[in-house]
Each structure stands twice: as structure tokens, then as C-alpha cells.
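So this one's model-v2.txt, compact mmCIF, C-alpha atoms:
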# COMPACT_ATOMS: atom_id res chain seq x y z
CA SER A 154 15.88 -11.83 7.91
CA SER A 155 15.52 -10.00 11.23
CA CYS A 156 18.02 -7.39 10.00
CA GLY A 157 16.31 -6.94 6.64
CA LEU A 158 19.35 -8.11 4.65
CA SER A 159 17.45 -11.10 3.26
CA ALA A 160 13.91 -11.00 1.93
CA PHE A 161 13.07 -14.64 2.58
CA GLU A 162 14.11 -17.27 5.10
CA ALA A 163 13.77 -20.90 4.02
CA GLU A 164 13.49 -23.88 6.34
CA SER A 165 15.33 -26.19 3.96
CA GLU A 166 17.50 -26.13 0.85
CA ASP A 167 14.67 -27.59 -1.24
CA GLN A 168 12.30 -24.83 -0.10
CA LEU A 169 14.90 -22.19 -0.88
CA PHE A 170 15.49 -23.46 -4.44
CA ALA A 171 11.73 -23.79 -5.05
CA PHE A 172 11.23 -20.19 -3.89
CA ALA A 173 14.08 -18.95 -6.09
CA ARG A 174 12.62 -20.71 -9.15
CA LYS A 175 9.18 -19.21 -8.47
CA LEU A 176 10.63 -15.72 -8.04
CA VAL A 177 12.73 -15.92 -11.21
CA ALA A 178 9.65 -17.06 -13.16
CA LEU A 179 7.72 -14.02 -11.90
CA LEU A 180 10.36 -11.38 -12.64
CA PRO A 181 11.23 -10.01 -16.09
CA SER A 182 14.72 -10.36 -17.55
CA ASN A 183 15.15 -6.59 -17.74
CA ASN A 184 13.20 -3.35 -17.45
CA ALA A 185 12.05 -3.45 -21.10
CA ASP A 186 10.89 -7.07 -21.11
CA GLY A 187 7.53 -6.67 -19.41
CA ALA A 188 6.43 -8.52 -16.30
CA PHE A 189 3.91 -11.16 -17.29
CA ALA A 190 2.84 -14.39 -15.58
CA GLU A 191 0.71 -17.33 -16.67
CA ASN A 192 -2.92 -16.73 -15.79
CA ASN A 193 -6.20 -18.55 -16.31
CA ASP A 194 -8.18 -16.59 -13.71
CA ASP A 195 -11.15 -14.43 -14.67
CA MET A 196 -10.13 -10.77 -14.57
CA ASN A 197 -13.74 -9.82 -13.75
CA ARG A 198 -14.12 -12.32 -10.93
CA ALA A 199 -16.19 -10.85 -8.11
CA VAL A 200 -14.73 -11.01 -4.60
CA SER A 201 -16.30 -10.83 -1.17
CA PHE A 202 -14.65 -9.66 2.05
CA ASP A 203 -15.34 -7.57 5.13
CA ALA A 204 -13.27 -4.39 4.92
CA ASN A 205 -13.61 -3.97 8.70
CA ASN A 206 -12.32 -7.43 9.55
CA TYR A 207 -9.71 -9.04 7.32
CA LYS A 208 -6.09 -10.17 7.19
CA ALA A 209 -3.88 -8.36 4.71
CA GLU A 210 -2.29 -11.50 3.24
CA ASP A 211 -5.69 -13.18 2.88
CA LEU A 212 -7.01 -10.12 1.03
CA VAL A 213 -4.04 -10.09 -1.35
CA LYS A 214 -4.57 -13.78 -2.13
CA LEU A 215 -8.30 -13.19 -2.64
CA LEU A 216 -7.63 -10.43 -5.17
CA ALA A 217 -4.61 -11.96 -6.97
CA ASP A 218 -4.70 -14.30 -9.97
CA ASN A 219 -5.42 -17.84 -8.79
CA GLY A 220 -4.91 -16.77 -5.18
CA ASP A 221 -1.14 -16.92 -5.63
CA PHE A 222 1.04 -14.57 -3.57
CA THR A 223 4.81 -14.69 -3.04
CA ALA A 224 5.56 -12.99 0.27
CA LEU A 225 8.80 -11.15 1.07
CA TYR A 226 10.20 -9.63 4.29
CA SER A 227 7.60 -11.44 6.44
CA LYS A 228 10.24 -12.18 9.10
CA TYR A 229 11.45 -8.58 9.04
CA THR A 230 8.26 -6.57 9.54
CA ASP A 231 4.76 -7.37 10.79
CA LYS A 232 3.34 -3.94 10.00
CA ALA A 233 3.05 -4.53 6.24
CA VAL A 234 2.58 -7.44 3.85
CA LEU A 235 4.99 -7.28 0.92
CA GLY A 236 5.72 -9.44 -2.10
CA PHE A 237 4.62 -10.29 -5.62
CA ALA A 238 1.36 -11.41 -7.21
CA SER A 239 -0.16 -11.11 -10.66
CA PHE A 240 -3.31 -9.32 -11.82
CA GLY A 241 -4.65 -10.20 -15.23
CA GLY A 242 -1.33 -11.94 -15.91
CA ILE A 243 0.76 -8.84 -15.03
CA THR A 244 3.35 -9.40 -12.31
CA THR A 245 2.83 -6.78 -9.62
CA GLY A 246 4.65 -5.69 -6.49
CA ILE A 247 2.39 -5.69 -3.44
CA VAL A 248 2.49 -3.24 -0.53
CA ALA A 249 -0.36 -3.86 1.94
CA SER A 250 -0.83 -2.33 5.38
CA ASP A 251 -1.51 -4.93 8.07
CA PRO A 252 -4.69 -3.87 9.93
CA GLU A 253 -3.94 -6.39 12.70
CA ASN A 254 -1.14 -4.01 13.73
CA ASP A 255 -3.08 -0.86 12.80
CA GLY A 256 -0.94 -0.64 9.65
CA ILE A 257 1.52 1.59 11.53
CA ILE A 258 4.45 2.73 9.40
CA ASP A 259 7.46 2.03 11.58
CA ILE A 260 11.15 2.10 10.70
CA LYS A 261 11.28 -1.50 9.48
CA SER A 262 8.14 -1.35 7.36
CA ALA A 263 9.18 2.00 5.83
CA ARG A 264 12.58 0.55 4.91
CA ALA A 265 11.16 -2.66 3.45
CA ILE A 266 8.46 -0.85 1.44
CA ALA A 267 11.03 1.56 0.01
CA LYS A 268 13.24 -1.38 -1.01
CA LEU A 269 10.40 -3.17 -2.78
CA VAL A 270 9.07 -0.06 -4.57
CA SER A 271 12.58 0.84 -5.74
CA PHE A 272 13.24 -2.72 -6.93
CA CYS A 273 9.96 -2.80 -8.86
CA ASP A 274 10.80 0.51 -10.51
CA SER A 275 14.18 -0.90 -11.63
CA PHE A 276 12.37 -3.58 -13.62
CA SER A 277 9.26 -1.55 -14.58
CA ILE A 278 7.08 -3.80 -12.41
CA PRO A 279 3.77 -2.17 -11.39
CA VAL A 280 3.06 -1.61 -7.69
CA LEU A 281 -0.27 -2.08 -5.94
CA THR A 282 -0.56 -0.37 -2.54
CA LEU A 283 -3.42 -1.35 -0.21
CA VAL A 284 -3.74 1.20 2.60
CA ASP A 285 -5.28 0.59 6.02
CA SER A 286 -3.17 2.57 8.47
CA ILE A 287 -3.62 4.89 11.44
CA GLY A 288 -0.32 6.61 10.62
CA LEU A 289 3.22 6.79 11.96
CA ASP A 290 5.00 5.09 14.82
CA VAL A 291 4.98 7.37 17.89
CA SER A 292 6.95 5.06 20.17
CA LEU A 293 10.02 6.15 22.13
CA GLU A 294 12.11 3.75 20.03
CA ALA A 295 11.13 5.60 16.84
CA GLU A 296 11.89 8.95 18.47
CA LYS A 297 15.43 7.83 19.29
CA ALA A 298 16.14 6.26 15.88
CA ALA A 299 16.71 7.73 12.42
CA TYR A 300 12.99 7.54 11.74
CA ALA A 301 12.66 10.73 9.69
CA SER A 302 15.32 9.61 7.23
CA GLU A 303 13.55 6.27 6.66
CA LEU A 304 10.27 8.09 6.00
CA ALA A 305 12.11 10.37 3.57
CA ARG A 306 13.49 7.32 1.75
CA LEU A 307 9.98 5.88 1.57
CA ALA A 308 8.64 9.10 0.05
CA TYR A 309 11.62 9.21 -2.32
CA ALA A 310 11.01 5.62 -3.48
CA TYR A 311 7.42 6.38 -4.50
CA SER A 312 8.00 9.88 -5.90
CA SER A 313 11.11 9.01 -7.95
CA SER A 314 9.71 5.81 -9.50
CA SER A 315 8.18 5.90 -12.97
CA ASN A 316 6.56 2.45 -12.99
CA ALA A 317 2.78 2.03 -12.93
CA LYS A 318 1.35 2.58 -9.45
CA LEU A 319 -2.19 1.97 -8.20
CA THR A 320 -3.30 2.70 -4.63
CA VAL A 321 -6.48 1.49 -2.92
CA VAL A 322 -7.58 2.72 0.51
CA ILE A 323 -9.27 -0.26 2.15
CA GLY A 324 -9.97 1.18 5.60
CA LYS A 325 -8.15 3.96 7.44
CA ALA A 326 -5.66 6.38 5.90
CA TYR A 327 -4.77 8.89 8.56
CA GLY A 328 -2.11 11.59 8.40
CA ALA A 329 1.18 10.70 6.78
CA ALA A 330 -0.06 7.17 6.01
CA PHE A 331 -2.20 8.45 3.15
CA ALA A 332 0.52 10.72 1.77
CA LEU A 333 3.45 8.30 2.05
CA LEU A 334 1.76 5.08 0.94
CA GLY A 335 1.34 5.81 -2.74
CA SER A 336 -0.95 8.83 -2.78
CA LYS A 337 -1.55 10.68 -6.05
CA ALA A 338 0.43 13.59 -4.63
CA ILE A 339 3.48 11.36 -4.39
CA GLY A 340 3.21 9.74 -7.81
CA ALA A 341 0.38 7.19 -7.97
CA ASP A 342 -1.17 6.95 -11.44
CA MET A 343 -4.56 6.02 -10.02
CA ALA A 344 -6.07 5.94 -6.54
CA TYR A 345 -9.27 4.22 -5.42
CA ALA A 346 -11.03 3.77 -2.09
CA LEU A 347 -13.76 1.52 -0.76
CA PRO A 348 -17.03 3.27 0.20
CA GLU A 349 -16.41 3.09 3.97
CA ALA A 350 -12.76 4.22 3.80
CA ALA A 351 -11.73 7.06 6.12
CA ILE A 352 -9.15 9.57 4.85
CA SER A 353 -8.11 12.40 7.12
CA VAL A 354 -5.16 14.38 8.42
CA LEU A 355 -6.04 13.11 11.92
CA SER A 356 -8.29 10.34 13.16
CA PRO A 357 -11.91 11.42 13.80
CA GLU A 358 -11.25 11.14 17.54
CA ALA A 359 -8.21 13.43 17.42
CA SER A 360 -9.86 15.78 14.92
CA VAL A 361 -12.85 16.37 17.17
CA ALA A 362 -10.57 16.88 20.17
CA PHE A 363 -8.52 19.52 18.30
CA VAL A 364 -11.10 21.23 16.07
CA TRP A 365 -14.59 20.61 17.43
CA ASN A 366 -13.97 20.24 21.14
CA ASP A 367 -16.05 23.37 21.81
CA LYS A 368 -19.06 21.59 20.32
CA VAL A 369 -18.92 18.78 22.88
CA GLY A 370 -22.00 19.31 25.03
CA GLU A 371 -24.19 20.47 22.19
CA GLN A 372 -23.63 17.00 20.76
CA SER A 373 -21.98 13.94 22.22
CA ARG A 374 -18.33 13.28 21.35
CA GLU A 375 -19.38 10.07 19.58
CA GLU A 376 -21.88 11.95 17.40
CA LEU A 377 -19.27 14.56 16.50
CA GLU A 378 -16.73 11.88 15.59
CA ALA A 379 -19.29 10.18 13.33
CA GLU A 380 -20.12 13.56 11.74
CA TRP A 381 -16.43 14.32 11.15
CA LYS A 382 -15.91 10.94 9.50
CA GLU A 383 -18.92 11.48 7.24
CA LYS A 384 -18.29 15.13 6.28
CA CYS A 385 -14.52 15.58 6.47
CA ALA A 386 -12.92 12.14 6.24
CA SER A 387 -15.08 10.25 3.77
CA ALA A 388 -13.99 8.71 0.48
CA SER A 389 -16.47 10.94 -1.39
CA GLU A 390 -14.87 14.05 0.14
CA ALA A 391 -11.42 12.81 -0.97
CA CYS A 392 -12.81 12.26 -4.48
CA TYR A 393 -14.22 15.79 -4.50
CA LYS A 394 -10.77 17.16 -3.59
CA GLY A 395 -9.12 15.15 -6.38
CA GLU A 396 -7.19 12.86 -4.04
CA LEU A 397 -8.99 9.79 -5.41
CA ASP A 398 -10.09 8.78 -8.88
CA ASP A 399 -13.07 6.64 -7.89
CA ILE A 400 -14.89 4.82 -5.12
CA VAL A 401 -15.04 1.07 -5.72
CA GLU A 402 -17.34 -1.54 -4.24
CA PRO A 403 -15.45 -4.42 -2.56
CA SER A 404 -16.96 -6.99 -4.94
CA GLU A 405 -15.56 -5.08 -7.95
CA LEU A 406 -12.09 -4.50 -6.54
CA ARG A 407 -10.26 -7.30 -8.37
CA ALA A 408 -11.83 -6.37 -11.70
CA ARG A 409 -10.91 -2.70 -11.26
CA ILE A 410 -7.32 -3.52 -10.27
CA CYS A 411 -6.88 -5.80 -13.30
CA ALA A 412 -8.38 -3.18 -15.62
CA ALA A 413 -6.14 -0.43 -14.23
CA PHE A 414 -2.95 -2.44 -14.67
CA SER A 415 -3.99 -3.55 -18.15
CA MET A 416 -4.37 0.12 -19.07
CA LEU A 417 -1.09 1.13 -17.38
CA ALA A 418 0.97 -1.85 -18.60
CA SER A 419 2.60 0.11 -21.42
CA LYS A 420 3.08 3.29 -19.39
CA ALA A 421 6.16 5.25 -20.48
CA GLU A 422 7.42 8.58 -19.27
CA GLY A 423 9.73 10.83 -21.24
CA LYS A 424 11.95 12.78 -18.88
CA PRO A 425 14.68 15.31 -19.52
CA SER A 426 18.21 14.03 -19.17
CA ARG A 427 19.83 14.65 -15.81
CA ARG A 428 22.65 13.22 -13.75
CA HIS A 429 20.57 11.88 -10.87
CA ALA A 430 17.92 12.85 -8.33
CA ASN A 431 19.00 14.27 -4.99
CA MET A 432 18.78 11.60 -2.29
CA PRO A 433 17.24 12.79 1.00
CA LEU A 434 19.93 12.92 3.70
Mind turning the file's structure into C-alpha cells?
Amino acid sequence: SSCGLSAFEAESEDQLFAFARKLVALLPSNNADGAFAENNDDMNRAVSFDANNYKAEDLVKLLADNGDFTALYSKYTDKAVLGFASFGGITTGIVASDPENDGIIDIKSARAIAKLVSFCDSFSIPVLTLVDSIGLDVSLEAEKAAYASELARLAYAYSSSSNAKLTVVIGKAYGAAFALLGSKAIGADMAYALPEAAISVLSPEASVAFVWNDKVGEQSREELEAEWKEKCASASEACYKGELDDIVEPSELRARICAAFSMLASKAEGKPSRRHANMPL
């Protein structure tokens, strides 16, 4: 699990077989079968959570049918929560930034997300991406590793997949985090954000330091950062630019996710015949 070769580590043989049975029941037999799960949960059920203080796995369980979530790669990366859940009875792959670790996209999380998105595309399983990330890993370890190639594979996984993809910005989406994690520019069918979401090339702090530093003195740095977030990094500004389809209240989020996947369930794309796409090297 620590190397990413296995997606789940069981503590006993019984737990392993139970997990395998659950996973097989969730997944379709092939890419034309459709991914459907038993569901008796209300698709319009209202939910309540604090978008400024939550745990990614708890949020996924809150939104999913019957609170059921099958986690994968939890021993491999702590920067993202990955796995399967169902929405309105439709089995869905889950990619959720972990705000407890600032949702940073590091080498391991990029690799695991790319694996899951590619797997889901193989079986026409929809993907839900919940974004709350300050951006990329800027550590010395990332600088010395093949970080760029892993980010390219992540972008390739999203952009080359033809399955249904819905992205929701829960909190922060700064820099490459917004582009790489299922943005409309990279292939998402629909993109939503919560009202207080912040979407920007840089964080408000960095943006003010680079762009508005000459204004510090006329206004305090804190006031300028708040102004940047409101005018340049708001969800409404992203909607105006066409980067989002709608702004959704937290209480309506489950209902909107279920409705989107119900609409996209029969998505089909006709593409011209070709040998294969060009893998980023």
C-alpha cells in the first residue's frame, strides 16, 4: 500500500474478502453495462456542513447514498480521499481534496488520482471531484522527483477520459489545483462551487503581494486580500468567466450532484477513429 501497488490493505482475510465482494458489487461487468447500486436514499435530501471546517471523508459520506463510501489508497496518500460511492443509485468514483493537509497535490496523490480517473473511464463510471486545495507541492522532495511527469499524467487522465465528470469547488482552488482537478477546461461536463469558494491563479495573499503591493498603505494588506478574494477570486467571478456552471448552496449539494449524474448517466461521445492518444513523456 505504501508503494501504491495495492489500493487497499486488509487486517484479516475475512476483511479482505468482504471488501472484494463489496467492490465487485459496486462495479459494472463492462463499460457498456452501466454502474448502478441499490439505493433507498432520498436524492433530494438536504445536507448541512461547514465548508470552512470539515473532513473530506466525512463530507463524502454525508453526500453519498446512505452514507456509504468505499475508500481506496488511504494508506498511500493523505492529501486526497479516493474511492467509490453512489449518488441516486449511480456508482461514482470519488476524488476529494483533503483540507486537513491543504489539499496539496503531491506526487503520490497525483498518481493515485490519475489511476482512479483512468480506471473509472475504462468502465464508464462517472467521477465526482471535490476541490479544496491551495495548489502544488513546493517541497524539495518534489523538486528532485519526476513531479512534472506525474502532473502531466494527472492532466492526461482527466482530459482523455470520456466518462461523465462533475467537479465541485468546496473551498480553495488556487493555481494548478483548479485546472488539474477536473476543471471544465480539462474535460469536466459540469462544474459547481459553493458560495464562499475561492478560485484564483494565486492565493489572495500572494496575489496582493505580486499585483497590488503598491496599494499597501492606502489600505491595509488584510483589506486588500479581502477585496481580491471578493472581486477577483470569487465563485461569481468564475461563473462570469464561464469556468463554473452554477453556484450551489451547501444544503442543496447532494440533490444537485444526484441530478447532474442522472442527466449525465447516458452520456456518449462519438469520436473519430484513431490509433491512440499521445502519452505525455
Next item on the list: Tell me, as a PyMOL selection string, which residues lie within 10 Å of Glu294 in chain A, counting all atoms listed in the file; anything in the same chain fewer than 4 positions away does not count.
Entry: chain A and resi 259-260+290+298-300
Excluding Val234 in chain A and its own-chain neighbours fewer than 4 positions away, which residues fall within 9 Å of it when counting all atoms listed in the file? Please give them as a PDB file with C-alpha atoms, in the frame of the given file.
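Ended up saving to around08.pdb:
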ATOM      1  CA  ALA A 209      -3.880  -8.360   4.710  1.00  0.00           C
ATOM      2  CA  GLU A 210      -2.290 -11.500   3.240  1.00  0.00           C
ATOM      3  CA  VAL A 213      -4.040 -10.090  -1.350  1.00  0.00           C
ATOM      4  CA  ALA A 224       5.560 -12.990   0.270  1.00  0.00           C
ATOM      5  CA  LEU A 225       8.800 -11.150   1.070  1.00  0.00           C
ATOM      6  CA  TYR A 226      10.200  -9.630   4.290  1.00  0.00           C
ATOM      7  CA  SER A 227       7.600 -11.440   6.440  1.00  0.00           C
ATOM      8  CA  THR A 230       8.260  -6.570   9.540  1.00  0.00           C
ATOM      9  CA  ILE A 247       2.390  -5.690  -3.440  1.00  0.00           C
ATOM     10  CA  VAL A 248       2.490  -3.240  -0.530  1.00  0.00           C
ATOM     11  CA  ALA A 249      -0.360  -3.860   1.940  1.00  0.00           C
ATOM     12  CA  SER A 250      -0.830  -2.330   5.380  1.00  0.00           C
ATOM     13  CA  ASP A 251      -1.510  -4.930   8.070  1.00  0.00           C
ATOM     14  CA  SER A 262       8.140  -1.350   7.360  1.00  0.00           C
TER      15      SER A 262
END
Next item on the list: Find the residues around Ser313 in chain A up to 8 Å (only C-alpha atoms counted), leave out those fewer than 4 positions away in its own chain, and share them as a ChimeraX atom specification.
Entry: /A:309,340,430
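Of the residues listed (A:Ala346, A:Ala295, A:Ala359, A:Ile287), A:Ile287 shows the shortest atom-to-atom separation from Tyr327 in chain A; distances use all atoms listed in the file.
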Checklist line | Counting only C-alpha atoms, the option among A:Val369, A:Leu281, A:Cys385, A:Ile257 closest to Ala344 in chain A | finding: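 Ranking A:Val369, A:Leu281, A:Cys385, A:Ile257 by distance to Ala344 in chain A, first place goes to A:Leu281.
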Item checked: Selected residue of minimal separation from Ala233 in chain A among A:Ala160, A:Leu215, A:Ile266, A:Ala329, counting all atoms listed in the file ->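 Among the listed residues, A:Ile266 lies closest to Ala233 in chain A.
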Just the residues within 12 Å of Gly395 in chain A, please, counting all atoms listed in the file, with nothing from its chain fewer than 6 positions along; format it as a PDB file with C-alpha atoms, in the frame of the given file.
ATOM      1  CA  SER A 336      -0.950   8.830  -2.780  1.00  0.00           C
ATOM      2  CA  LYS A 337      -1.550  10.680  -6.050  1.00  0.00           C
ATOM      3  CA  ALA A 338       0.430  13.590  -4.630  1.00  0.00           C
ATOM      4  CA  MET A 343      -4.560   6.020 -10.020  1.00  0.00           C
ATOM      5  CA  ALA A 344      -6.070   5.940  -6.540  1.00  0.00           C
ATOM      6  CA  TYR A 345      -9.270   4.220  -5.420  1.00  0.00           C
ATOM      7  CA  ALA A 388     -13.990   8.710   0.480  1.00  0.00           C
ATOM      8  CA  SER A 389     -16.470  10.940  -1.390  1.00  0.00           C
TER       9      SER A 389
END
Next item on the list: Kindly give the distance, in Å, that separates CA of Ser356 in chain A and CA of Lys261 in chain A, rounded to a single decimal.
Entry: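 Separation of CA of Ser356 in chain A and CA of Lys261 in chain A: 23.2 Å.
Interatomic distance, CA of Ala217 in chain A to CA of Val321 in chain A: 14.2 Å.
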Check: Counting all atoms listed in the file, which of A:Lys325, A:Leu158, A:Cys392, A:Ala332 gets nearest to Ser312 in chain A?
Finding: A:Ala332
Margin query: Set the distance at 10 Å and use all atoms listed in the file: which residues neighbour Cys411 in chain A once local chain neighbours fewer than 3 positions away are removed? I'd like the list as number ranges by chain.
Written below: A: 195-197, 216-218, 239-243, 406-408, 414-417
Note to self: What does the structure give for the distance between CA of Lys297 in chain A and CA of Tyr229 in chain A, in Å to one decimal?
What the structure shows: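 That distance, rounded to one decimal, is 19.8 Å.
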Margin query: I need the residue nearest Leu347 in chain A from this list: A:Asn219, A:Thr245, A:Ser404, A:Asn183. Use only C-alpha atoms for the distance.
Written below: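 The closest residue to Leu347 in chain A is A:Ser404.
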